[in-house]
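Here is the file model26.cif (mmCIF, C-alpha atoms).
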```
data_target
#
loop_
_atom_site.label_atom_id
_atom_site.label_comp_id
_atom_site.auth_asym_id
_atom_site.auth_seq_id
_atom_site.Cartn_x
_atom_site.Cartn_y
_atom_site.Cartn_z
CA MET A 1 -144.80 26.13 137.94
CA MET A 2 -141.75 28.34 137.88
CA LYS A 3 -138.53 26.32 137.88
CA LEU A 4 -135.96 26.75 140.64
CA TYR A 5 -133.32 28.36 138.46
CA LYS A 6 -135.78 31.09 137.42
CA ILE A 7 -136.61 31.72 141.07
CA LEU A 8 -132.90 31.97 141.88
CA TYR A 9 -132.37 34.30 138.97
CA ILE A 10 -135.12 36.67 140.11
CA LEU A 11 -133.88 36.54 143.68
CA SER A 12 -130.40 37.45 142.53
CA LEU A 13 -131.82 40.45 140.69
CA LEU A 14 -133.60 41.55 143.85
CA LEU A 15 -130.49 41.12 145.97
CA LEU A 16 -128.47 43.21 143.57
CA SER A 17 -131.00 46.01 143.85
CA ILE A 18 -130.93 46.19 147.67
CA GLY A 19 -129.35 49.39 148.92
CA CYS A 20 -130.26 51.60 145.98
CA ASP A 21 -131.67 54.93 147.12
CA ASP A 22 -133.97 55.24 144.14
CA GLU A 23 -135.57 52.32 142.29
CA LEU A 24 -134.81 54.12 139.04
CA ASP A 25 -131.11 53.61 139.79
CA VAL A 26 -131.36 49.81 139.62
CA ILE A 27 -129.17 48.41 136.81
CA PRO A 28 -130.42 45.10 135.32
CA THR A 29 -127.85 42.31 135.55
CA ASP A 30 -127.78 41.90 131.79
CA ARG A 31 -126.66 45.53 131.50
CA LEU A 32 -124.21 45.77 134.39
CA GLN A 33 -121.27 48.02 133.68
CA GLY A 34 -117.94 46.23 133.39
CA GLU A 35 -116.72 47.50 136.76
CA LEU A 36 -119.91 46.33 138.50
CA ALA A 37 -120.50 42.95 136.88
CA PHE A 38 -117.88 41.07 138.89
CA THR A 39 -117.98 42.69 142.29
CA SER A 40 -119.70 39.75 144.00
CA GLU A 41 -120.17 36.01 143.83
CA LYS A 42 -123.91 36.58 143.36
CA ASN A 43 -123.24 38.53 140.18
CA VAL A 44 -121.05 35.75 138.77
CA SER A 45 -123.73 33.19 139.61
CA SER A 46 -126.37 35.33 137.95
CA ILE A 47 -124.34 35.56 134.76
CA LEU A 48 -124.00 31.76 134.71
CA ILE A 49 -127.74 31.31 135.17
CA GLY A 50 -128.27 33.83 132.41
CA ALA A 51 -126.03 31.73 130.15
CA TYR A 52 -128.31 28.72 130.67
CA GLU A 53 -131.31 30.86 129.81
CA GLU A 54 -129.55 32.22 126.72
CA ALA A 55 -128.54 28.76 125.50
CA GLY A 56 -132.08 27.47 125.90
CA GLN A 57 -133.66 30.24 123.85
CA PHE A 58 -135.43 29.35 120.62
CA GLN A 59 -132.58 30.73 118.47
CA SER A 60 -130.42 27.70 119.28
CA TYR A 61 -131.07 24.80 121.68
CA GLY A 62 -134.65 25.95 122.20
CA GLY A 63 -135.50 24.47 118.81
CA ARG A 64 -133.98 26.14 115.78
CA LEU A 65 -130.64 24.35 115.95
CA GLN A 66 -132.23 20.89 116.02
CA VAL A 67 -134.69 21.79 113.26
CA MET A 68 -132.07 23.24 110.91
CA VAL A 69 -129.76 20.24 111.40
CA ASP A 70 -132.54 17.75 110.77
CA LEU A 71 -133.87 19.53 107.71
CA LEU A 72 -130.36 19.82 106.25
CA GLY A 73 -129.85 16.08 106.78
CA ALA A 74 -133.31 15.04 105.60
CA THR A 75 -134.10 13.29 102.35
CA ASP A 76 -137.40 11.45 102.52
CA GLN A 77 -137.98 11.22 106.28
CA VAL A 78 -139.88 14.50 106.46
CA THR A 79 -141.17 17.26 104.23
CA TRP A 80 -141.14 20.98 104.94
CA GLY A 81 -144.53 22.57 104.41
CA GLY A 82 -144.11 25.84 106.27
CA THR A 83 -143.86 29.39 104.95
CA PHE A 84 -140.58 30.31 106.68
CA LEU A 85 -137.78 30.68 104.14
CA PRO A 86 -134.76 29.89 106.41
CA PRO A 87 -135.79 26.29 107.19
CA ARG A 88 -136.89 25.78 103.60
CA GLN A 89 -133.33 26.63 102.51
CA ALA A 90 -132.04 23.94 104.88
CA PHE A 91 -134.50 21.38 103.50
CA THR A 92 -133.48 22.20 99.90
CA LYS A 93 -129.74 22.30 100.83
CA THR A 94 -129.40 25.90 99.60
CA ILE A 95 -128.64 27.87 102.77
CA LEU A 96 -127.68 31.46 101.94
CA ILE A 97 -125.31 33.68 103.89
CA ASP A 98 -128.19 35.92 105.03
CA ASN A 99 -130.24 33.03 106.48
CA ILE A 100 -131.54 34.49 109.74
CA PHE A 101 -131.91 31.12 111.50
CA VAL A 102 -128.23 30.39 110.88
CA ARG A 103 -127.30 33.96 111.84
CA ASP A 104 -129.16 33.62 115.14
CA ILE A 105 -127.64 30.22 115.95
CA TRP A 106 -124.19 31.76 115.47
CA ARG A 107 -125.01 34.88 117.45
CA ASN A 108 -126.73 33.06 120.30
CA SER A 109 -123.90 30.52 120.62
CA TYR A 110 -121.24 33.21 120.90
CA GLU A 111 -123.34 35.19 123.37
CA VAL A 112 -123.45 32.10 125.60
CA ILE A 113 -119.72 31.53 125.12
CA ASN A 114 -118.94 35.12 126.08
CA GLN A 115 -121.05 34.90 129.23
CA VAL A 116 -119.36 31.72 130.43
CA ASN A 117 -115.95 33.13 129.48
CA LEU A 118 -116.67 36.06 131.80
CA VAL A 119 -117.59 33.62 134.54
CA ILE A 120 -114.36 31.64 134.07
CA ASP A 121 -112.33 34.85 133.94
CA ASN A 122 -113.65 35.90 137.35
CA LEU A 123 -113.67 32.68 139.35
CA GLU A 124 -111.45 34.24 142.01
CA ILE A 125 -114.52 36.14 143.20
CA VAL A 126 -116.21 32.85 144.16
CA THR A 127 -114.98 32.39 147.73
CA SER A 128 -117.90 30.79 149.59
CA SER A 129 -116.44 27.29 149.23
CA PRO A 130 -114.14 25.26 146.96
CA GLU A 131 -117.12 23.07 146.02
CA GLU A 132 -119.14 26.06 144.87
CA LYS A 133 -116.23 27.39 142.84
CA ASN A 134 -115.78 23.99 141.20
CA ARG A 135 -119.49 23.75 140.42
CA ILE A 136 -119.62 27.17 138.80
CA GLU A 137 -116.49 26.55 136.76
CA GLY A 138 -117.69 23.08 135.74
CA GLU A 139 -121.06 24.34 134.53
CA ALA A 140 -119.42 27.18 132.62
CA ARG A 141 -116.99 24.82 130.89
CA PHE A 142 -119.80 22.38 130.07
CA LEU A 143 -121.83 25.13 128.37
CA ARG A 144 -118.78 26.38 126.47
CA ALA A 145 -117.93 22.87 125.29
CA LEU A 146 -121.52 22.15 124.24
CA ASN A 147 -121.79 25.34 122.20
CA TYR A 148 -118.39 24.97 120.54
CA PHE A 149 -119.13 21.35 119.65
CA ASP A 150 -122.26 22.31 117.76
CA LEU A 151 -120.54 25.28 116.17
CA VAL A 152 -117.64 23.17 114.88
CA ARG A 153 -119.75 20.36 113.48
CA ASN A 154 -122.25 22.69 111.82
CA PHE A 155 -120.03 25.49 110.53
CA GLY A 156 -116.93 23.38 109.84
CA PHE A 157 -116.25 20.44 107.56
CA PRO A 158 -116.58 16.97 109.14
CA TYR A 159 -113.95 15.63 111.49
CA GLU A 160 -111.88 12.96 109.75
CA ASN A 161 -110.59 10.27 112.08
CA GLY A 162 -106.89 9.53 111.74
CA GLN A 163 -106.10 12.79 109.94
CA THR A 164 -104.85 16.22 110.92
CA ASN A 165 -108.05 18.18 110.75
CA SER A 166 -106.69 21.48 109.47
CA GLN A 167 -109.93 22.41 107.70
CA LEU A 168 -111.31 25.70 108.99
CA ALA A 169 -114.04 25.74 111.60
CA VAL A 170 -115.03 28.68 113.81
CA PRO A 171 -113.17 31.32 115.84
CA ILE A 172 -112.12 30.30 119.34
CA ARG A 173 -112.71 32.90 122.02
CA THR A 174 -111.77 31.89 125.57
CA GLU A 175 -111.66 35.33 127.19
CA GLY A 176 -114.75 37.32 127.98
CA ILE A 177 -115.50 40.55 126.13
CA ILE A 178 -116.75 43.60 127.99
CA ASP A 179 -115.46 46.40 125.75
CA TYR A 180 -117.16 46.02 122.38
CA THR A 181 -115.50 49.17 121.05
CA ALA A 182 -112.17 47.32 120.79
CA ASP A 183 -111.00 45.54 117.66
CA LEU A 184 -112.58 42.09 117.99
CA SER A 185 -111.47 40.70 114.63
CA ILE A 186 -110.51 37.05 114.82
CA ALA A 187 -109.77 34.32 112.31
CA ARG A 188 -111.29 30.87 112.14
CA SER A 189 -109.56 28.11 114.09
CA THR A 190 -109.19 24.63 112.66
CA VAL A 191 -111.56 21.74 113.28
CA GLU A 192 -108.82 19.99 115.29
CA GLU A 193 -108.27 23.01 117.52
CA VAL A 194 -111.97 23.39 118.30
CA TYR A 195 -112.39 19.69 119.08
CA ASP A 196 -109.35 19.89 121.38
CA LEU A 197 -110.98 22.75 123.28
CA VAL A 198 -114.32 20.94 123.51
CA ILE A 199 -112.71 17.79 124.92
CA ALA A 200 -110.55 19.73 127.37
CA ASP A 201 -113.53 21.75 128.65
CA ALA A 202 -115.86 18.76 128.91
CA THR A 203 -113.19 16.70 130.69
CA GLN A 204 -112.59 19.49 133.20
CA ALA A 205 -116.34 19.83 133.68
CA TYR A 206 -116.61 16.11 134.40
CA ASN A 207 -113.85 16.36 137.02
CA LEU A 208 -115.25 19.51 138.64
CA LEU A 209 -119.00 18.87 138.72
CA PRO A 210 -120.93 16.92 141.33
CA ALA A 211 -122.75 13.71 140.45
CA ASP A 212 -126.09 15.36 141.28
CA ASN A 213 -126.75 19.00 140.46
CA SER A 214 -130.54 19.31 140.23
CA PHE A 215 -131.41 20.16 136.61
CA PHE A 216 -128.18 22.05 136.00
CA ALA A 217 -125.33 20.24 134.27
CA ASP A 218 -123.73 17.55 136.43
CA LYS A 219 -120.67 15.37 135.81
CA PHE A 220 -122.71 12.88 133.79
CA ALA A 221 -124.00 15.59 131.47
CA ALA A 222 -120.35 16.37 130.75
CA GLN A 223 -119.60 12.67 130.28
CA ALA A 224 -122.56 12.30 127.90
CA LEU A 225 -121.19 15.23 125.91
CA LEU A 226 -117.77 13.54 125.77
CA ALA A 227 -119.39 10.31 124.57
CA ARG A 228 -121.10 12.21 121.76
CA VAL A 229 -117.92 14.11 120.83
CA TYR A 230 -115.73 10.99 120.74
CA PHE A 231 -118.44 9.18 118.77
CA GLN A 232 -118.51 11.97 116.17
CA GLN A 233 -114.72 11.78 115.90
CA GLY A 234 -114.80 8.04 115.31
CA ASN A 235 -112.90 7.47 118.56
CA TYR A 236 -115.13 4.55 119.39
CA ALA A 237 -113.19 3.12 122.32
CA ALA A 238 -113.35 6.43 124.17
CA ALA A 239 -117.01 6.93 123.20
CA ARG A 240 -117.86 3.45 124.47
CA ASP A 241 -116.18 4.02 127.83
CA ALA A 242 -117.77 7.44 128.36
CA ALA A 243 -121.24 6.13 127.51
CA ASP A 244 -120.67 3.10 129.73
CA ASP A 245 -119.82 5.38 132.67
CA VAL A 246 -123.06 7.32 132.20
CA LEU A 247 -125.11 4.14 131.89
CA LYS A 248 -123.60 2.53 134.98
CA GLU A 249 -123.08 5.46 137.33
CA SER A 250 -125.49 8.30 136.54
CA GLY A 251 -128.66 6.77 137.99
CA HIS A 252 -130.52 7.40 134.75
CA SER A 253 -132.27 4.61 132.89
CA LEU A 254 -134.70 4.10 130.04
CA ALA A 255 -138.22 5.31 130.67
CA SER A 256 -140.76 2.53 131.09
CA ASN A 257 -142.15 3.19 127.62
CA TYR A 258 -141.16 5.29 124.64
CA ALA A 259 -143.82 7.96 125.12
CA ALA A 260 -142.63 8.61 128.67
CA ALA A 261 -139.31 9.89 127.32
CA PHE A 262 -140.96 12.97 125.75
CA ASN A 263 -143.10 16.01 126.56
CA ASN A 264 -141.95 16.15 130.18
CA THR A 265 -142.23 19.36 132.18
CA ASP A 266 -140.10 17.81 134.92
CA ASP A 267 -136.98 15.91 133.93
CA GLY A 268 -137.70 12.22 133.58
CA ILE A 269 -135.58 9.22 134.50
CA GLU A 270 -134.19 9.13 130.95
CA ASP A 271 -133.11 12.78 130.83
CA ILE A 272 -129.40 13.34 131.46
CA PHE A 273 -129.56 17.05 130.68
CA THR A 274 -132.34 19.33 129.49
CA PHE A 275 -132.94 23.02 128.97
CA GLN A 276 -135.83 24.06 131.15
CA VAL A 277 -139.01 25.55 129.69
CA THR A 278 -141.65 27.33 131.76
CA SER A 279 -144.59 29.59 131.09
CA GLN A 280 -142.35 32.43 132.28
CA THR A 281 -139.50 31.72 129.84
CA GLY A 282 -141.54 31.06 126.69
CA THR A 283 -142.45 27.89 124.87
CA ASN A 284 -140.77 24.85 123.36
CA ARG A 285 -140.11 25.92 119.76
CA LEU A 286 -139.79 22.34 118.54
CA VAL A 287 -143.50 22.14 119.28
CA ASN A 288 -143.98 25.31 117.26
CA LEU A 289 -142.77 23.67 114.03
CA TYR A 290 -143.72 20.03 114.61
CA ALA A 291 -147.15 20.16 116.30
CA SER A 292 -150.76 20.82 115.43
CA GLU A 293 -152.47 24.07 116.31
CA ALA A 294 -154.31 22.30 119.12
CA ASP A 295 -150.97 21.36 120.68
CA GLY A 296 -149.50 24.86 120.37
CA GLY A 297 -147.84 24.51 116.97
CA ARG A 298 -148.28 25.98 113.51
CA GLY A 299 -150.17 22.98 112.22
CA GLY A 300 -147.18 20.85 111.35
CA ASP A 301 -144.66 22.73 109.25
CA ILE A 302 -142.54 19.56 109.45
CA ARG A 303 -144.52 16.54 108.33
CA ILE A 304 -143.55 12.90 108.84
CA THR A 305 -143.56 10.83 105.67
CA ASP A 306 -144.67 7.28 105.00
CA ASP A 307 -141.12 6.64 103.74
CA TYR A 308 -139.82 7.21 107.27
CA LEU A 309 -142.46 4.97 108.82
CA ALA A 310 -141.53 2.26 106.30
CA LEU A 311 -138.16 1.94 108.08
CA PHE A 312 -139.92 0.09 110.90
CA ASP A 313 -139.90 -3.67 110.47
CA ASP A 314 -142.36 -4.43 113.26
CA PRO A 315 -145.96 -3.11 113.28
CA ASP A 316 -145.96 -3.31 117.08
CA ASP A 317 -142.95 -1.02 117.48
CA GLU A 318 -144.29 1.93 119.49
CA ARG A 319 -141.85 4.27 117.75
CA GLY A 320 -143.36 3.52 114.36
CA ASN A 321 -146.80 4.39 115.69
CA PHE A 322 -145.64 7.53 117.47
CA VAL A 323 -147.43 9.84 115.03
CA TYR A 324 -150.84 11.44 114.74
CA ILE A 325 -152.92 13.08 112.04
CA ASN A 326 -153.70 16.77 112.47
CA PRO A 327 -157.48 16.90 111.93
CA ALA A 328 -157.21 20.49 110.71
CA ASN A 329 -155.13 19.65 107.63
CA ASP A 330 -154.52 15.86 107.56
CA ARG A 331 -150.76 16.29 108.08
CA GLN A 332 -148.90 13.39 109.69
CA LEU A 333 -147.00 14.66 112.73
CA THR A 334 -144.65 13.24 115.35
CA LEU A 335 -145.86 12.81 118.92
CA LYS A 336 -142.43 13.76 120.29
CA TYR A 337 -143.36 17.43 120.52
CA THR A 338 -146.91 18.04 121.70
CA ASN A 339 -146.39 19.94 124.98
CA GLN A 340 -145.36 23.52 124.41
CA PHE A 341 -144.03 23.78 127.97
CA ALA A 342 -142.01 20.57 127.90
CA ASN A 343 -138.31 20.75 128.69
CA ILE A 344 -135.95 20.30 125.75
CA SER A 345 -133.87 17.17 126.18
CA ILE A 346 -130.27 17.51 125.00
CA PHE A 347 -128.94 14.17 126.27
CA ARG A 348 -131.09 11.14 127.07
CA ILE A 349 -130.06 7.68 128.12
CA ALA A 350 -131.23 5.94 124.93
CA GLU A 351 -128.49 7.75 123.00
CA MET A 352 -125.89 6.41 125.42
CA HIS A 353 -127.10 2.85 124.77
CA LEU A 354 -126.82 3.44 121.03
CA ILE A 355 -123.32 4.91 121.37
CA ARG A 356 -122.11 2.07 123.55
CA LEU A 357 -123.52 -0.72 121.41
CA GLU A 358 -122.21 0.67 118.12
CA SER A 359 -118.81 1.44 119.64
CA ASN A 360 -118.62 -2.07 121.07
CA PHE A 361 -119.59 -3.50 117.70
CA ARG A 362 -116.90 -1.52 115.88
CA GLU A 363 -114.25 -2.37 118.48
CA GLY A 364 -115.18 -6.03 118.76
CA THR A 365 -115.85 -5.68 122.49
CA ALA A 366 -118.75 -6.17 124.87
CA VAL A 367 -118.21 -3.52 127.55
CA GLY A 368 -121.42 -3.31 129.59
CA LEU A 369 -123.45 -5.51 127.23
CA ASP A 370 -123.00 -7.48 124.06
CA PRO A 371 -124.07 -5.19 121.15
CA LEU A 372 -126.87 -7.49 119.98
CA VAL A 373 -128.22 -7.88 123.50
CA GLU A 374 -128.13 -4.11 124.01
CA ILE A 375 -129.86 -3.18 120.78
CA ASN A 376 -132.59 -5.70 121.50
CA ALA A 377 -133.04 -4.37 125.04
CA LEU A 378 -133.61 -0.92 123.54
CA ARG A 379 -136.06 -2.32 120.99
CA ALA A 380 -137.91 -4.22 123.72
CA ARG A 381 -138.68 -0.94 125.50
CA SER A 382 -140.76 0.04 122.44
CA GLY A 383 -142.34 -3.38 121.96
CA ALA A 384 -140.27 -4.24 118.87
CA ASP A 385 -139.24 -7.78 118.09
CA PRO A 386 -135.59 -8.62 118.73
CA LEU A 387 -133.09 -8.64 115.90
CA GLY A 388 -131.33 -11.86 115.09
CA ALA A 389 -127.68 -12.42 114.30
CA PRO A 390 -125.73 -11.18 112.51
CA LEU A 391 -125.87 -7.58 113.65
CA THR A 392 -124.59 -5.10 111.02
CA LEU A 393 -123.67 -1.42 110.89
CA ASP A 394 -126.61 -0.83 108.57
CA LEU A 395 -129.00 -2.25 111.16
CA ILE A 396 -127.41 -0.10 113.86
CA PHE A 397 -127.66 3.03 111.70
CA ASN A 398 -131.30 2.24 111.04
CA GLU A 399 -131.94 1.76 114.76
CA ARG A 400 -130.56 5.21 115.47
CA GLN A 401 -133.09 6.65 113.01
CA LEU A 402 -135.93 4.70 114.63
CA GLU A 403 -135.02 5.87 118.12
CA LEU A 404 -133.59 9.39 117.64
CA ALA A 405 -135.52 10.77 114.66
CA PHE A 406 -136.38 14.49 114.73
CA GLU A 407 -133.96 15.14 117.62
CA GLY A 408 -131.11 16.64 115.58
CA PHE A 409 -129.01 13.54 114.82
CA ILE A 410 -129.46 12.44 111.20
CA LEU A 411 -127.08 14.92 109.53
CA HIS A 412 -124.20 14.20 111.89
CA ASP A 413 -124.73 10.45 111.71
CA ILE A 414 -124.40 10.72 107.93
CA LYS A 415 -121.22 12.77 108.26
CA ARG A 416 -119.75 10.42 110.86
CA THR A 417 -120.35 7.37 108.68
CA LYS A 418 -119.31 9.17 105.47
CA GLY A 419 -122.66 8.64 103.83
CA SER A 420 -124.68 11.02 101.72
CA VAL A 421 -127.82 13.11 101.92
CA GLY A 422 -129.59 11.91 98.83
CA THR A 423 -126.91 12.37 96.17
CA ILE A 424 -124.93 14.95 98.19
CA PRO A 425 -121.74 13.50 99.75
CA TYR A 426 -121.18 13.97 103.48
CA ASP A 427 -118.33 16.48 103.03
CA ASP A 428 -120.04 18.74 100.50
CA SER A 429 -120.09 22.40 101.49
CA SER A 430 -123.85 22.57 101.05
CA LEU A 431 -124.19 20.42 104.18
CA THR A 432 -122.48 23.00 106.40
CA PHE A 433 -123.92 26.26 107.67
CA PRO A 434 -122.34 29.29 105.99
CA ILE A 435 -120.60 31.90 108.13
CA PRO A 436 -123.32 34.58 108.49
CA GLN A 437 -122.86 37.69 106.42
CA THR A 438 -123.33 39.82 109.54
CA GLU A 439 -120.19 38.23 111.03
CA ARG A 440 -118.17 38.77 107.87
CA ASP A 441 -119.29 42.41 107.72
CA THR A 442 -117.78 43.11 111.15
CA ASN A 443 -114.87 40.67 111.21
CA PRO A 444 -112.43 41.18 108.33
CA LEU A 445 -110.27 38.23 109.39
CA ILE A 446 -112.98 35.63 108.81
CA ASN A 447 -113.61 34.05 105.44
CA GLN A 448 -116.31 31.79 104.10
#
```
File written out as structure tokens:
Amino acid sequence: MMKLYKILYILSLLLLSIGCDDELDVIPTDRLQGELAFTSEKNVSSILIGAYEEAGQFQSYGGRLQVMVDLLGATDQVTWGGTFLPPRQAFTKTILIDNIFVRDIWRNSYEVINQVNLVIDNLEIVTSSPEEKNRIEGEARFLRALNYFDLVRNFGFPYENGQTNSQLAVPIRTEGIIDYTADLSIARSTVEEVYDLVIADATQAYNLLPADNSFFADKFAAQALLARVYFQQGNYAAARDAADDVLKESGHSLASNYAAAFNNTDDGIEDIFTFQVTSQTGTNRLVNLYASEADGGRGGDIRITDDYLALFDDPDDERGNFVYINPANDRQLTLKYTNQFANISIFRIAEMHLIRLESNFREGTAVGLDPLVEINALRARSGADPLGAPLTLDLIFNERQLELAFEGFILHDIKRTKGSVGTIPYDDSSLTFPIPQTERDTNPLINQ
């Protein structure tokens, strides 16, 4: 079934075409001339909807971003058995400057950023109501913050808590570009500057957005993003409080069982924010690389290892049994991605529990729940036995792997905790994406 935002998008295209004398004169909204793009509120809304669609494409949040991050952070949890060279470079920690997956993540992210910048630049056109203007601005700032956060933590060196993070990250663009014939050269901003922008945008989004916004970003999607950002910074008190707000006020809760959190074509109770997938927009590309042919994949380019399953200390833990064998080639695959039309979850409530409990543990607090009680409540959902005292950071780190594996977390958890990927330290340059050569060819102010 076509999702509402796709229906709205098509309707907006039809509305824009009304009044043309000849159907051949209709200009698609993705090719509107600069002087036409911002002549109506409908056009601004269409550009925002287009930004969602762009962000959810397979080049970034539609699958490639999560896959490249997980493969770069993987040691013995998975193996890469596919024929594609770009993800193999991530798995072997030898990403080259012409890696097309990295190039497309960069390009897609900045295309989304430019679209939402154009929306923010032209908010004065939105005059139907103050609430509508706030909603549009809030969604645009949420998308900009989300994209810049993943750009800074993948293309920049890790954020170091308590330090001035002057290490170079990515260029900051906060004004929309219409004229691409102009000189668009721009230098890289620092990690600190990009994080400041992300937090400012996400905070504004939280203040502007409604508590319920269908499957578009709402205030709790922005708060979940802030929880993740603060957590990555090591600002555990702020991360705890943001996660606690989502857990208490958003209306989301854990799904009744682990399997119910995945492969959903309609957002489930656990989903805080997802990118929508329909038969009209394409397929879930995580399925493409993780699933069997029968489930719409390539047979399991990414295979789950026995070493990963050995992390589970309870044979009844549903998460440790959440795999299947592809009968076509005997590869062991995850059950998280078996529906090629499932929405792609970006924030789910289990992550908020894990952020709150670890932040409480590090701060010596019990906001919401005692850390041991909370981790055991999460384990109980999957049928795992409770942990006994004392709780440790190693046990918490392990629990994050059990719950969030193959969802794009492992690399950034290693960087946050200053660990290593095998023998490679967390701050080694091989664990960051290189600036694509295509960007360096056209932007003389950027360096590697």
Shell of 12 Å around Tyr180 of chain A, only C-alpha atoms, local chain residues under 4 positions omitted, as number ranges by chain
A: 34, 114, 176, 184-185, 442
Report task. Go through the shown structure with the PyMOL selection byres ((chain A and resi 79) around 9) and write out the matching residues as a list in words. Result ->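 Applied to this file, the PyMOL selection byres ((chain A and resi 79) around 9) returns Leu71, Ala74, Thr75, Asp76, Gln77, Val78, Trp80, Gly81, Phe91, Asp301, Ile302, Arg303, Ile304 and Thr305 of chain A.
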For Leu402 of chain A: contacts at 12 Å, only C-alpha atoms, fewer than 6 positions along chain excluded, given as a short mmCIF file (atom, residue, chain, number, x, y, z; two decimals) with C-alpha atoms, in the frame of the given file:
```cif
data_model
loop_
_atom_site.label_atom_id
_atom_site.label_comp_id
_atom_site.auth_asym_id
_atom_site.auth_seq_id
_atom_site.Cartn_x
_atom_site.Cartn_y
_atom_site.Cartn_z
CA GLN A 77 -137.98 11.22 106.28
CA TYR A 258 -141.16 5.29 124.64
CA TYR A 308 -139.82 7.21 107.27
CA LEU A 309 -142.46 4.97 108.82
CA ALA A 310 -141.53 2.26 106.30
CA LEU A 311 -138.16 1.94 108.08
CA PHE A 312 -139.92 0.09 110.90
CA ASP A 313 -139.90 -3.67 110.47
CA ASP A 314 -142.36 -4.43 113.26
CA ASP A 317 -142.95 -1.02 117.48
CA GLU A 318 -144.29 1.93 119.49
CA ARG A 319 -141.85 4.27 117.75
CA GLY A 320 -143.36 3.52 114.36
CA ASN A 321 -146.80 4.39 115.69
CA PHE A 322 -145.64 7.53 117.47
CA ALA A 350 -131.23 5.94 124.93
CA GLU A 351 -128.49 7.75 123.00
CA LEU A 354 -126.82 3.44 121.03
CA ILE A 375 -129.86 -3.18 120.78
CA LEU A 378 -133.61 -0.92 123.54
CA ARG A 379 -136.06 -2.32 120.99
CA SER A 382 -140.76 0.04 122.44
CA ALA A 384 -140.27 -4.24 118.87
CA LEU A 395 -129.00 -2.25 111.16
CA ILE A 396 -127.41 -0.10 113.86
CA PHE A 409 -129.01 13.54 114.82
CA ILE A 410 -129.46 12.44 111.20
#
```
- request: Report the residues retrieved by the PyMOL selection byres ((chain A and resi 113) around 9) from the displayed file, expressed as a PyMOL selection string.
  value: chain A and resi 51+108-112+114-118+140+143-145+147-148+173-174+176
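Each of A:Leu48, A:Leu65, A:Asp98, A:Gln89 was compared to Phe142 of chain A using all atoms listed in the file, and A:Leu48 turns out to be the nearest.
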Once the PyMOL selection byres ((chain A and resi 324-335) around 7) has been evaluated on this model, what residues remain selected, and can you format them as a PyMOL selection string? chain A and resi 290-292+300+303-304+322-323+336-338
If you take every atom of segment 210-229 of chain A that the file lists and fit an axis-aligned box around them with 6 Å extra on each side, what centre and edge lengths come out in Å to one decimal, as lines of an AutoDock Vina configuration file?
```
center_x = -124.6
center_y = 16.2
center_z = 131.1
size_x = 25.6
size_y = 23.7
size_z = 32.5
```
Atom CA of Arg240 of chain A to atom CA of Leu226 of chain A measures 10.2 Å
query = So, counting all atoms listed in the file, which residue among A:Gln223, A:Asn376, A:Asn161, A:Asn264 is closest to Asp245 of chain A?
reply =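 Using all atoms listed in the file, the shortest distance to Asp245 of chain A belongs to A:Gln223.
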Because some atoms of segment 310-317 of chain A are absent here, can you restore N, CA, C and O atoms and send them as a PDB file, in the frame of the given file?
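Printed below is rebuild09.pdb as written:
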```pdb
ATOM      1  N   ALA A 310    -141.841   3.538 106.947  1.00  0.00           N
ATOM      2  CA  ALA A 310    -141.530   2.260 106.300  1.00  0.00           C
ATOM      3  C   ALA A 310    -140.219   1.659 106.804  1.00  0.00           C
ATOM      4  O   ALA A 310    -139.941   0.477 106.546  1.00  0.00           O
ATOM      5  N   LEU A 311    -139.402   2.469 107.521  1.00  0.00           N
ATOM      6  CA  LEU A 311    -138.160   1.940 108.080  1.00  0.00           C
ATOM      7  C   LEU A 311    -138.419   0.933 109.199  1.00  0.00           C
ATOM      8  O   LEU A 311    -137.544   0.137 109.539  1.00  0.00           O
ATOM      9  N   PHE A 312    -139.602   0.969 109.781  1.00  0.00           N
ATOM     10  CA  PHE A 312    -139.920   0.090 110.900  1.00  0.00           C
ATOM     11  C   PHE A 312    -140.316  -1.284 110.379  1.00  0.00           C
ATOM     12  O   PHE A 312    -141.183  -1.416 109.516  1.00  0.00           O
ATOM     13  N   ASP A 313    -139.669  -2.304 110.936  1.00  0.00           N
ATOM     14  CA  ASP A 313    -139.900  -3.670 110.470  1.00  0.00           C
ATOM     15  C   ASP A 313    -140.905  -4.429 111.317  1.00  0.00           C
ATOM     16  O   ASP A 313    -141.180  -5.605 111.059  1.00  0.00           O
ATOM     17  N   ASP A 314    -141.435  -3.767 112.354  1.00  0.00           N
ATOM     18  CA  ASP A 314    -142.360  -4.430 113.260  1.00  0.00           C
ATOM     19  C   ASP A 314    -143.570  -3.524 113.487  1.00  0.00           C
ATOM     20  O   ASP A 314    -143.420  -2.416 114.009  1.00  0.00           O
ATOM     21  N   PRO A 315    -144.781  -3.966 113.117  1.00  0.00           N
ATOM     22  CA  PRO A 315    -145.960  -3.110 113.280  1.00  0.00           C
ATOM     23  C   PRO A 315    -146.276  -2.791 114.739  1.00  0.00           C
ATOM     24  O   PRO A 315    -147.028  -1.855 115.016  1.00  0.00           O
ATOM     25  N   ASP A 316    -145.701  -3.563 115.665  1.00  0.00           N
ATOM     26  CA  ASP A 316    -145.960  -3.310 117.080  1.00  0.00           C
ATOM     27  C   ASP A 316    -144.947  -2.360 117.712  1.00  0.00           C
ATOM     28  O   ASP A 316    -145.071  -2.030 118.896  1.00  0.00           O
ATOM     29  N   ASP A 317    -143.955  -1.939 116.965  1.00  0.00           N
ATOM     30  CA  ASP A 317    -142.950  -1.020 117.480  1.00  0.00           C
ATOM     31  C   ASP A 317    -143.621   0.323 117.791  1.00  0.00           C
ATOM     32  O   ASP A 317    -144.136   1.003 116.899  1.00  0.00           O
TER      33      ASP A 317
END
```
